[in-house]
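Peer 1: Got protein_37.cif for you, mmCIF, C-alpha atoms and all ligand atoms:
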```cif
data_my_file
loop_
_atom_site.label_atom_id
_atom_site.label_comp_id
_atom_site.auth_asym_id
_atom_site.auth_seq_id
_atom_site.Cartn_x
_atom_site.Cartn_y
_atom_site.Cartn_z
CA MET A 1 222.63 -42.73 130.31
CA LYS A 2 223.11 -40.15 127.60
CA TYR A 3 222.79 -37.26 130.06
CA LEU A 4 225.39 -38.76 132.32
CA GLN A 5 227.82 -39.45 129.50
CA TYR A 6 227.72 -35.94 128.08
CA GLN A 7 231.27 -34.56 128.46
CA TRP A 8 231.63 -36.65 131.57
CA LYS A 9 235.41 -36.96 131.51
CA THR A 10 236.23 -33.25 131.56
CA ARG A 11 233.48 -32.56 134.06
CA LEU A 12 234.55 -35.36 136.37
CA VAL A 13 238.14 -34.14 136.31
CA VAL A 14 236.98 -30.61 137.23
CA VAL A 15 234.75 -31.88 140.06
CA LEU A 16 237.52 -34.09 141.42
CA LEU A 17 240.22 -31.42 141.20
CA ILE A 18 238.07 -28.87 143.02
CA SER A 19 237.06 -31.42 145.65
CA ILE A 20 240.64 -32.49 146.25
CA GLY A 21 241.67 -28.84 146.50
CA VAL A 22 238.99 -28.06 149.09
CA SER A 23 239.86 -31.27 150.94
CA ILE A 24 243.50 -30.24 151.23
CA LEU A 25 242.37 -26.88 152.61
CA LEU A 26 240.15 -28.68 155.13
CA MET A 27 243.10 -30.82 156.23
CA GLY A 28 244.71 -27.56 157.27
CA LEU A 29 242.28 -27.45 160.21
CA ASP A 30 244.81 -29.79 161.77
CA VAL A 31 247.06 -26.93 162.88
CA THR A 32 244.38 -24.64 164.32
CA PRO A 33 244.21 -23.99 168.09
CA TRP A 34 240.74 -25.52 167.94
CA ALA A 35 242.18 -28.87 166.82
CA GLN A 36 244.97 -28.76 169.36
CA GLN A 37 242.48 -28.09 172.12
CA ILE A 38 240.39 -31.13 171.18
CA ASN A 39 243.49 -33.30 170.87
CA LEU A 40 244.62 -32.23 174.32
CA ARG A 41 241.26 -32.89 175.88
CA GLY A 42 240.92 -36.25 174.14
CA TYR A 43 237.79 -37.71 172.58
CA SER A 44 236.12 -41.04 172.96
CA HIS A 45 232.64 -42.31 172.44
CA GLY A 46 230.72 -45.58 172.52
CA ALA A 47 231.39 -48.50 174.82
CA ASP A 48 234.67 -50.38 175.05
CA GLU A 49 235.02 -53.71 173.26
CA GLY A 50 232.72 -56.35 174.74
CA GLU A 51 230.70 -53.90 176.78
CA GLY A 52 227.79 -53.61 174.39
CA PRO A 53 224.46 -52.29 175.62
CA ASN A 54 222.06 -54.83 177.04
CA ILE A 55 219.52 -55.02 174.20
CA PRO A 56 218.48 -57.73 171.69
CA SER A 57 221.27 -58.05 169.14
CA PHE A 58 219.10 -57.50 166.05
CA LEU A 59 218.37 -54.01 167.36
CA LEU A 60 222.07 -53.15 167.07
CA TYR A 61 221.69 -53.53 163.30
CA VAL A 62 218.39 -51.68 163.02
CA LEU A 63 218.95 -48.75 165.38
CA PRO A 64 221.52 -46.92 163.19
CA PHE A 65 218.88 -46.71 160.46
CA VAL A 66 216.21 -45.57 162.90
CA LYS A 67 218.61 -42.84 163.99
CA GLU A 68 219.16 -41.82 160.35
CA LEU A 69 215.44 -41.77 159.56
CA ILE A 70 214.79 -39.55 162.55
CA LEU A 71 217.73 -37.21 161.96
CA ILE A 72 216.82 -36.84 158.28
CA GLY A 73 213.04 -37.04 158.61
CA ILE A 74 212.31 -34.54 161.35
CA PRO A 75 214.23 -31.62 159.80
CA LEU A 76 212.59 -32.59 156.50
CA LEU A 77 209.08 -32.40 157.99
CA LEU A 78 209.85 -29.17 159.88
CA THR A 79 211.12 -27.55 156.67
CA LEU A 80 208.02 -28.65 154.75
CA LEU A 81 205.85 -27.20 157.51
CA TRP A 82 207.80 -23.93 157.40
CA LEU A 83 207.51 -23.70 153.61
CA LYS A 84 203.77 -24.37 153.80
CA LEU A 85 203.27 -21.75 156.54
CA THR A 86 205.22 -19.03 154.75
CA GLN A 87 203.23 -19.84 151.61
CA VAL A 88 199.90 -19.50 153.41
CA ILE A 89 200.97 -16.27 155.12
CA GLY A 90 202.30 -14.88 151.85
CA ARG A 91 199.01 -15.58 150.11
CA ALA A 92 196.93 -14.03 152.90
CA ARG A 93 198.81 -10.77 152.67
CA MET B 1 208.93 -48.69 133.85
CA SER B 2 209.41 -46.39 130.91
CA ASP B 3 212.91 -45.83 129.54
CA TRP B 4 214.36 -43.51 132.16
CA THR B 5 217.72 -43.21 130.42
CA GLN B 6 216.12 -41.07 127.72
CA ASN B 7 214.86 -38.42 130.11
CA LEU B 8 217.02 -36.10 132.20
CA GLN B 9 214.63 -35.81 135.14
CA LYS B 10 214.10 -39.55 135.31
CA THR B 11 217.84 -40.19 135.08
CA ARG B 12 218.23 -37.85 138.05
CA TYR B 13 215.47 -39.64 139.92
CA VAL B 14 217.09 -43.05 139.54
CA MET B 15 220.53 -41.71 140.42
CA ASP B 16 219.20 -39.74 143.41
CA THR B 17 217.54 -42.89 144.74
CA LEU B 18 220.83 -44.75 144.47
CA LEU B 19 222.55 -41.82 146.17
CA LEU B 20 220.12 -41.86 149.08
CA ILE B 21 220.43 -45.62 149.55
CA SER B 22 224.22 -45.54 149.44
CA PHE B 23 224.29 -42.57 151.81
CA MET B 24 222.18 -44.47 154.31
CA MET B 25 224.44 -47.52 154.06
CA VAL B 26 227.57 -45.42 154.52
CA SER B 27 226.04 -43.67 157.54
CA ALA B 28 225.47 -46.92 159.43
CA PRO B 29 228.97 -48.22 160.27
CA GLN B 30 227.61 -49.96 163.36
CA THR B 31 225.54 -52.14 161.03
CA THR B 32 228.09 -52.75 158.28
CA GLY B 33 231.17 -52.88 160.50
CA VAL B 34 233.94 -50.31 160.16
CA PRO B 35 236.08 -52.01 157.44
CA LEU B 36 233.08 -52.35 155.11
CA HIS B 37 232.08 -48.79 156.02
CA GLU B 38 235.42 -47.54 154.75
CA TRP B 39 235.22 -49.38 151.42
CA LEU B 40 231.59 -48.37 150.92
CA SER B 41 232.54 -44.74 151.57
CA LEU B 42 235.13 -44.96 148.83
CA LEU B 43 232.46 -46.32 146.47
CA PHE B 44 230.07 -43.57 147.59
CA VAL B 45 232.20 -41.10 145.66
CA VAL B 46 230.61 -42.49 142.47
CA PRO B 47 226.91 -41.70 143.13
CA PHE B 48 228.00 -38.42 144.72
CA ALA B 49 230.00 -37.36 141.67
CA ILE B 50 227.09 -38.42 139.44
CA HIS B 51 224.78 -36.18 141.46
CA LEU B 52 227.06 -33.23 140.78
CA LEU B 53 227.55 -34.09 137.08
CA LEU B 54 223.78 -34.26 136.55
CA HIS B 55 223.49 -30.71 137.94
CA TRP B 56 226.41 -29.32 135.98
CA ASP B 57 224.40 -26.45 134.55
CA TRP B 58 223.06 -25.50 137.98
CA ILE B 59 226.58 -25.44 139.41
CA LYS B 60 227.91 -23.40 136.50
CA GLN B 61 225.21 -20.78 136.93
CA SER B 62 225.21 -20.84 140.72
CA LEU B 63 228.06 -18.39 141.30
CA ARG B 64 226.45 -15.84 139.05
CA ARG B 65 223.09 -16.33 140.77
CA PHE B 66 224.47 -15.19 144.12
CA SER B 67 224.19 -11.61 142.92
CA ALA B 68 221.07 -12.11 140.80
CA LYS B 69 217.51 -11.36 141.82
CA ILE B 70 216.15 -14.66 143.10
CA SER B 71 213.58 -15.69 145.69
CA ALA B 72 214.53 -16.19 149.33
CA LYS B 73 213.96 -19.93 149.00
CA GLU B 74 216.25 -20.17 145.97
CA ARG B 75 218.94 -18.16 147.71
CA PHE B 76 218.73 -20.36 150.77
CA SER B 77 218.95 -23.47 148.60
CA LEU B 78 221.98 -22.01 146.85
CA VAL B 79 223.88 -21.41 150.08
CA TRP B 80 222.67 -24.71 151.51
CA ASN B 81 224.03 -26.75 148.59
CA TYR B 82 227.45 -25.19 149.04
CA LEU B 83 227.41 -25.86 152.78
CA LEU B 84 226.31 -29.44 152.14
CA TYR B 85 229.21 -29.85 149.75
CA VAL B 86 231.77 -28.62 152.28
CA VAL B 87 230.39 -30.74 155.13
CA MET B 88 230.30 -33.80 152.86
CA LEU B 89 233.95 -33.25 151.96
CA LEU B 90 234.80 -32.72 155.62
CA ALA B 91 233.20 -36.07 156.52
CA THR B 92 235.09 -37.80 153.72
CA VAL B 93 238.46 -36.21 154.51
CA SER B 94 238.18 -36.84 158.24
CA GLY B 95 237.06 -40.40 157.41
CA PHE B 96 240.33 -41.04 155.62
CA LEU B 97 242.23 -39.47 158.51
CA VAL B 98 240.67 -41.91 161.01
CA SER B 99 240.86 -44.94 158.70
CA VAL B 100 241.72 -48.19 160.44
CA ALA B 101 241.22 -50.56 157.50
CA LEU B 102 241.40 -48.93 154.08
CA LEU B 103 244.58 -46.89 154.34
CA PRO B 104 246.42 -49.52 156.43
CA ALA B 105 245.49 -52.03 153.68
CA MET B 106 247.35 -49.74 151.29
CA SER B 107 250.29 -49.65 153.70
CA ILE B 108 249.61 -46.06 154.64
CA SER B 109 249.65 -45.52 158.36
CA PHE B 110 249.79 -42.57 160.69
CA GLU B 111 248.67 -41.68 164.16
CA ILE B 112 244.95 -40.97 164.42
CA GLN B 113 244.13 -37.67 166.09
CA ASP B 114 241.21 -37.31 168.47
CA PHE B 115 240.38 -34.11 166.64
CA TRP B 116 239.62 -35.94 163.39
CA SER B 117 237.61 -38.64 165.20
CA LYS B 118 235.44 -35.94 166.67
CA ILE B 119 235.14 -34.11 163.36
CA HIS B 120 234.24 -37.34 161.55
CA HIS B 121 231.53 -38.13 164.05
CA ASP B 122 230.17 -34.57 164.18
CA SER B 123 230.24 -33.85 160.44
CA ALA B 124 228.71 -37.24 159.55
CA THR B 125 225.92 -36.61 162.05
CA LEU B 126 225.42 -33.05 160.82
CA ILE B 127 224.90 -34.20 157.22
CA MET B 128 221.70 -36.04 158.17
CA PRO B 129 219.57 -33.03 159.20
CA MET B 130 221.22 -31.01 156.41
CA LEU B 131 220.13 -33.68 153.93
CA GLY B 132 216.59 -33.59 155.36
CA ILE B 133 216.39 -29.89 154.59
CA HIS B 134 217.99 -30.43 151.15
CA LEU B 135 215.29 -32.98 150.33
CA ALA B 136 212.49 -30.76 151.69
CA LEU B 137 213.62 -27.94 149.38
CA HIS B 138 213.06 -30.28 146.42
CA TRP B 139 209.94 -31.92 147.77
CA SER B 140 207.55 -30.96 144.98
CA TRP B 141 210.06 -32.31 142.44
CA ILE B 142 210.29 -35.57 144.37
CA VAL B 143 206.50 -35.97 144.57
CA ASN B 144 206.10 -35.06 140.90
CA LEU B 145 208.73 -37.46 139.63
CA THR B 146 207.49 -40.28 141.85
CA LYS B 147 204.15 -39.99 140.07
CA ARG B 148 205.76 -39.69 136.63
CA MET B 149 208.25 -42.54 136.94
CA GLY B 150 205.75 -45.23 135.94
CA LYS B 151 204.39 -43.29 133.00
CA ARG B 152 205.86 -42.94 129.54
CA ALA B 153 206.85 -39.32 129.10
CA PRO B 154 207.86 -37.51 125.93
CA ALA B 155 211.65 -37.45 125.69
CA GLN B 156 213.22 -34.13 126.56
C1 LIG A 201 223.54 -37.51 150.01
C2 LIG A 201 222.38 -37.57 149.53
C3 LIG A 201 221.71 -36.57 148.60
C4 LIG A 201 220.48 -36.82 148.08
C5 LIG A 201 219.61 -38.04 148.34
C6 LIG A 201 220.14 -35.69 147.24
C7 LIG A 201 218.94 -35.57 146.55
C8 LIG A 201 218.61 -34.52 145.72
C9 LIG A 201 217.36 -34.35 145.06
C10 LIG A 201 216.18 -35.31 145.18
C11 LIG A 201 217.42 -33.22 144.31
C12 LIG A 201 216.33 -32.62 143.43
C13 LIG A 201 216.14 -33.39 142.20
C14 LIG A 201 217.18 -33.24 141.17
O1 LIG A 201 217.19 -32.19 140.49
O2 LIG A 201 218.00 -34.17 141.03
C15 LIG A 201 218.73 -32.66 144.49
C16 LIG A 201 219.19 -31.50 143.87
C17 LIG A 201 220.45 -30.97 144.05
N1 LIG A 201 221.42 -31.41 144.94
FE1 LIG A 201 221.28 -33.06 146.09
N2 LIG A 201 221.16 -34.76 147.25
C18 LIG A 201 222.14 -35.26 148.08
C19 LIG A 201 223.34 -34.64 148.37
C20 LIG A 201 223.80 -33.47 147.80
C21 LIG A 201 225.02 -32.80 148.16
C22 LIG A 201 226.02 -33.26 149.21
C23 LIG A 201 225.10 -31.69 147.39
C24 LIG A 201 226.17 -30.65 147.42
C25 LIG A 201 227.16 -30.60 146.65
C26 LIG A 201 223.95 -31.66 146.52
C27 LIG A 201 223.69 -30.71 145.53
C28 LIG A 201 222.53 -30.60 144.80
C29 LIG A 201 222.27 -29.62 143.78
C30 LIG A 201 223.26 -28.53 143.33
C31 LIG A 201 220.97 -29.83 143.31
C32 LIG A 201 220.21 -29.00 142.26
C33 LIG A 201 219.69 -27.82 142.98
C34 LIG A 201 218.55 -27.15 142.34
O3 LIG A 201 218.11 -27.52 141.24
O4 LIG A 201 218.06 -26.20 143.02
N3 LIG A 201 223.16 -32.75 146.81
N4 LIG A 201 219.44 -33.45 145.37
C1 LIG A 202 230.50 -39.45 153.14
C2 LIG A 202 231.37 -40.04 153.83
C3 LIG A 202 231.19 -40.66 155.20
C4 LIG A 202 230.14 -40.65 156.09
C5 LIG A 202 228.78 -40.01 155.92
C6 LIG A 202 230.58 -41.40 157.27
C7 LIG A 202 229.82 -41.63 158.40
C8 LIG A 202 230.27 -42.23 159.55
C9 LIG A 202 229.52 -42.37 160.77
C10 LIG A 202 228.08 -41.90 160.97
C11 LIG A 202 230.30 -43.01 161.67
C12 LIG A 202 229.93 -43.37 163.11
C13 LIG A 202 230.66 -42.39 163.97
C14 LIG A 202 230.29 -42.42 165.38
O1 LIG A 202 229.19 -42.82 165.73
O2 LIG A 202 231.15 -41.96 166.13
C15 LIG A 202 231.57 -43.28 161.05
C16 LIG A 202 232.64 -43.93 161.66
C17 LIG A 202 233.84 -44.23 161.03
N1 LIG A 202 234.17 -43.92 159.73
FE1 LIG A 202 233.02 -42.89 158.42
N2 LIG A 202 231.86 -41.85 157.06
C18 LIG A 202 232.26 -41.42 155.81
C19 LIG A 202 233.48 -41.67 155.20
C20 LIG A 202 234.51 -42.42 155.75
C21 LIG A 202 235.74 -42.75 155.08
C22 LIG A 202 236.09 -42.33 153.65
C23 LIG A 202 236.49 -43.49 155.96
C24 LIG A 202 237.86 -44.09 155.78
C25 LIG A 202 238.43 -44.40 154.68
C26 LIG A 202 235.73 -43.61 157.19
C27 LIG A 202 236.17 -44.27 158.34
C28 LIG A 202 235.47 -44.38 159.50
C29 LIG A 202 235.95 -45.03 160.71
C30 LIG A 202 237.33 -45.66 160.88
C31 LIG A 202 234.93 -44.93 161.66
C32 LIG A 202 234.95 -45.49 163.09
C33 LIG A 202 235.62 -44.54 164.00
C34 LIG A 202 234.68 -43.89 164.95
O3 LIG A 202 233.65 -44.47 165.31
O4 LIG A 202 235.00 -42.76 165.36
N3 LIG A 202 234.52 -42.96 157.03
N4 LIG A 202 231.52 -42.80 159.75
#
```
Represent the structure from my file as structure tokens, please.
Peer 2:
Amino acid sequence: MKYLQYQWKTRLVVVLLISIGVSILLMGLDVTPWAQQINLRGYSHGADEGEGPNIPSFLLYVLPFVKELILIGIPLLLTLLWLKLTQVIGRAR
Amino acid sequence: MSDWTQNLQKTRYVMDTLLLISFMMVSAPQTTGVPLHEWLSLLFVVPFAIHLLLHWDWIKQSLRRFSAKISAKERFSLVWNYLLYVVMLLATVSGFLVSVALLPAMSISFEIQDFWSKIHHDSATLIMPMLGIHLALHWSWIVNLTKRMGKRAPAQ
């Protein structure tokens, strides 16, 4: 833990202060026309209470992780492929 | 396992693993239920802050490196980390603004805007592919450290 403990208090305060500052700026998005437009149009997603999809219930617990693995994994693989390709092309030149 | 606390890279490896696991838990509110999701997200600040503290030197140098001569991959990674930071904050902030359990439990209540619901959903979903690319950019490090974790390495 020695690397984590090194000057951790000052550093944590700096990280938190900057993050809170940026967060307050982000909250300002509230008053943009973009936000007002979305509020006017309304937003809803998913089924209403009690109207779950007709699938085995254990899947409801597993599917969110499948979604994560796909949404993280495919961009990961594509990036690796891209890095490999640019490497090969760079070497051939 | 060798003593990972004595080695910076191994400390990062252990903490990054914890970060990934907690991120995946936080990103599955349908599994955990929304109230638990909110409390877990609050806890998630810890591994996230640790991730930043363990790259303090990188962060400190990063602003200067914008104008330095670095490879295209490094420059992309630089910009990407900053974007990831902003989107992560956006997900956290919008999460608080759509809270139905955590803030009410602290007697803070306000009307939830559709805008923030949409932002929370969109930003949380956007982080996943962004994280995939973040991990790919450090892939050789990940492979290397996975091999080294079991071995005793000289302290550094
Ligand atoms: C949420 C899950 C995340 C995971 C699993 C993760 C994982 C990793 C890994 C494996 C590395 C390379 C190994 C290391 O040096 O520790 C790394 C580096 C880094 N990450 Fe993350 N990361 C995550 C989120 C973030 C976010 C949101 C940011 C933005 C603030 C960020 C900023 C950085 C930085 C600045 C580095 C060092 C960059 C470099 O050396 O080029 N990470 N991360
Ligand atoms: C890194 C931080 C966070 C991530 C990655 C994240 C991720 C998610 C995801 C993926 C969903 C499902 C959204 C959907 O399918 O529409 C969700 C829903 C939700 N989150 Fe978060 N969240 C985070 C932080 C927070 C925080 C801090 C709170 C409150 C204190 C919060 C409150 C909620 C609520 C109330 C919902 C349900 C509302 C809805 O489905 O639109 N989240 N979150």
Peer 1: Compute the chain B side of the contact with chain A at 6 Å, counting only C-alpha atoms, and hand it back as a PyMOL selection string.
Peer 2: chain B and resi 5+28+31+114-115+128-129+132-133+136
Peer 1: Just want the residues within 9 Å of ligand LIG 201 (chain A), written as a compact mmCIF listing (two decimals) with C-alpha atoms, in the coordinates of the input, counting all atoms listed in the file.
Peer 2:
```txt
# COMPACT_ATOMS: atom_id res chain seq x y z
CA GLN B 9 214.63 -35.81 135.14
CA LYS B 10 214.10 -39.55 135.31
CA THR B 11 217.84 -40.19 135.08
CA ARG B 12 218.23 -37.85 138.05
CA TYR B 13 215.47 -39.64 139.92
CA MET B 15 220.53 -41.71 140.42
CA ASP B 16 219.20 -39.74 143.41
CA THR B 17 217.54 -42.89 144.74
CA LEU B 18 220.83 -44.75 144.47
CA LEU B 19 222.55 -41.82 146.17
CA LEU B 20 220.12 -41.86 149.08
CA ILE B 21 220.43 -45.62 149.55
CA SER B 22 224.22 -45.54 149.44
CA PHE B 23 224.29 -42.57 151.81
CA MET B 24 222.18 -44.47 154.31
CA PRO B 47 226.91 -41.70 143.13
CA PHE B 48 228.00 -38.42 144.72
CA ALA B 49 230.00 -37.36 141.67
CA HIS B 51 224.78 -36.18 141.46
CA LEU B 52 227.06 -33.23 140.78
CA LEU B 54 223.78 -34.26 136.55
CA HIS B 55 223.49 -30.71 137.94
CA TRP B 56 226.41 -29.32 135.98
CA TRP B 58 223.06 -25.50 137.98
CA ILE B 59 226.58 -25.44 139.41
CA SER B 62 225.21 -20.84 140.72
CA GLU B 74 216.25 -20.17 145.97
CA SER B 77 218.95 -23.47 148.60
CA LEU B 78 221.98 -22.01 146.85
CA TRP B 80 222.67 -24.71 151.51
CA ASN B 81 224.03 -26.75 148.59
CA TYR B 82 227.45 -25.19 149.04
CA LEU B 83 227.41 -25.86 152.78
CA LEU B 84 226.31 -29.44 152.14
CA TYR B 85 229.21 -29.85 149.75
CA VAL B 86 231.77 -28.62 152.28
CA VAL B 87 230.39 -30.74 155.13
CA MET B 88 230.30 -33.80 152.86
CA LEU B 89 233.95 -33.25 151.96
CA ILE B 127 224.90 -34.20 157.22
CA MET B 128 221.70 -36.04 158.17
CA MET B 130 221.22 -31.01 156.41
CA LEU B 131 220.13 -33.68 153.93
CA GLY B 132 216.59 -33.59 155.36
CA HIS B 134 217.99 -30.43 151.15
CA LEU B 135 215.29 -32.98 150.33
CA ALA B 136 212.49 -30.76 151.69
CA LEU B 137 213.62 -27.94 149.38
CA HIS B 138 213.06 -30.28 146.42
CA TRP B 139 209.94 -31.92 147.77
CA TRP B 141 210.06 -32.31 142.44
CA ILE B 142 210.29 -35.57 144.37
CA LEU B 145 208.73 -37.46 139.63
```
Peer 1: Hey, which of B:Asn144, B:Ser71, B:Ser123, B:Ser107 ends up closest to ligand LIG 202 (chain A)? Count only C-alpha atoms and all ligand atoms.
Peer 2: B:Ser123
Peer 1: Compare B:Trp4, B:Phe110, B:Phe96, B:Phe66 by their minimum atom-to-atom distance to ligand LIG 202 (chain A), counting only C-alpha atoms and all ligand atoms, and give me the closest one.
Peer 2: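 The closest residue to ligand LIG 202 (chain A) is B:Phe96.
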Peer 1: Dump the neighbourhood of ligand LIG 202 (chain A) as a PyMOL selection string: all residues within 6 Å, distances computed on all atoms listed in the file.
Peer 2: chain B and resi 26-29+34+38+41-42+88+91-92+95-96+98-100+102+117+121+124-125
Peer 1: Would you mind reading off the distance between atom CA of B:Val45 and atom CA of B:Arg148, one decimal, in Å?
Peer 2: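 Value for the atom CA of B:Val45-atom CA of B:Arg148 distance: 28.0 Å.
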Peer 1: Here is a test: counting all atoms listed in the file, which residue of B:Leu63, B:Met25, B:Leu90, B:Leu103 is nearest to A:Gly28?
Peer 2: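 Smallest separation from A:Gly28 among the options: B:Leu90.
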Peer 1: One number please: atom CA of A:Pro33 to atom CA of A:Gly21, in Å, one decimal.
Peer 2: 22.3 Å
Peer 1: Please compute the atom CA of B:Gly150-atom CA of A:Lys84 distance, one decimal, in Å.
Peer 2: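 Computing the Euclidean distance for atom CA of B:Gly150 and atom CA of A:Lys84 yields 27.5 Å.
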Peer 1: Using all atoms listed in the file, can you tell me which of B:Met149, B:Ala72, B:Ile112, B:Ala105 comes closest to A:Thr86?
Peer 2: B:Ala72
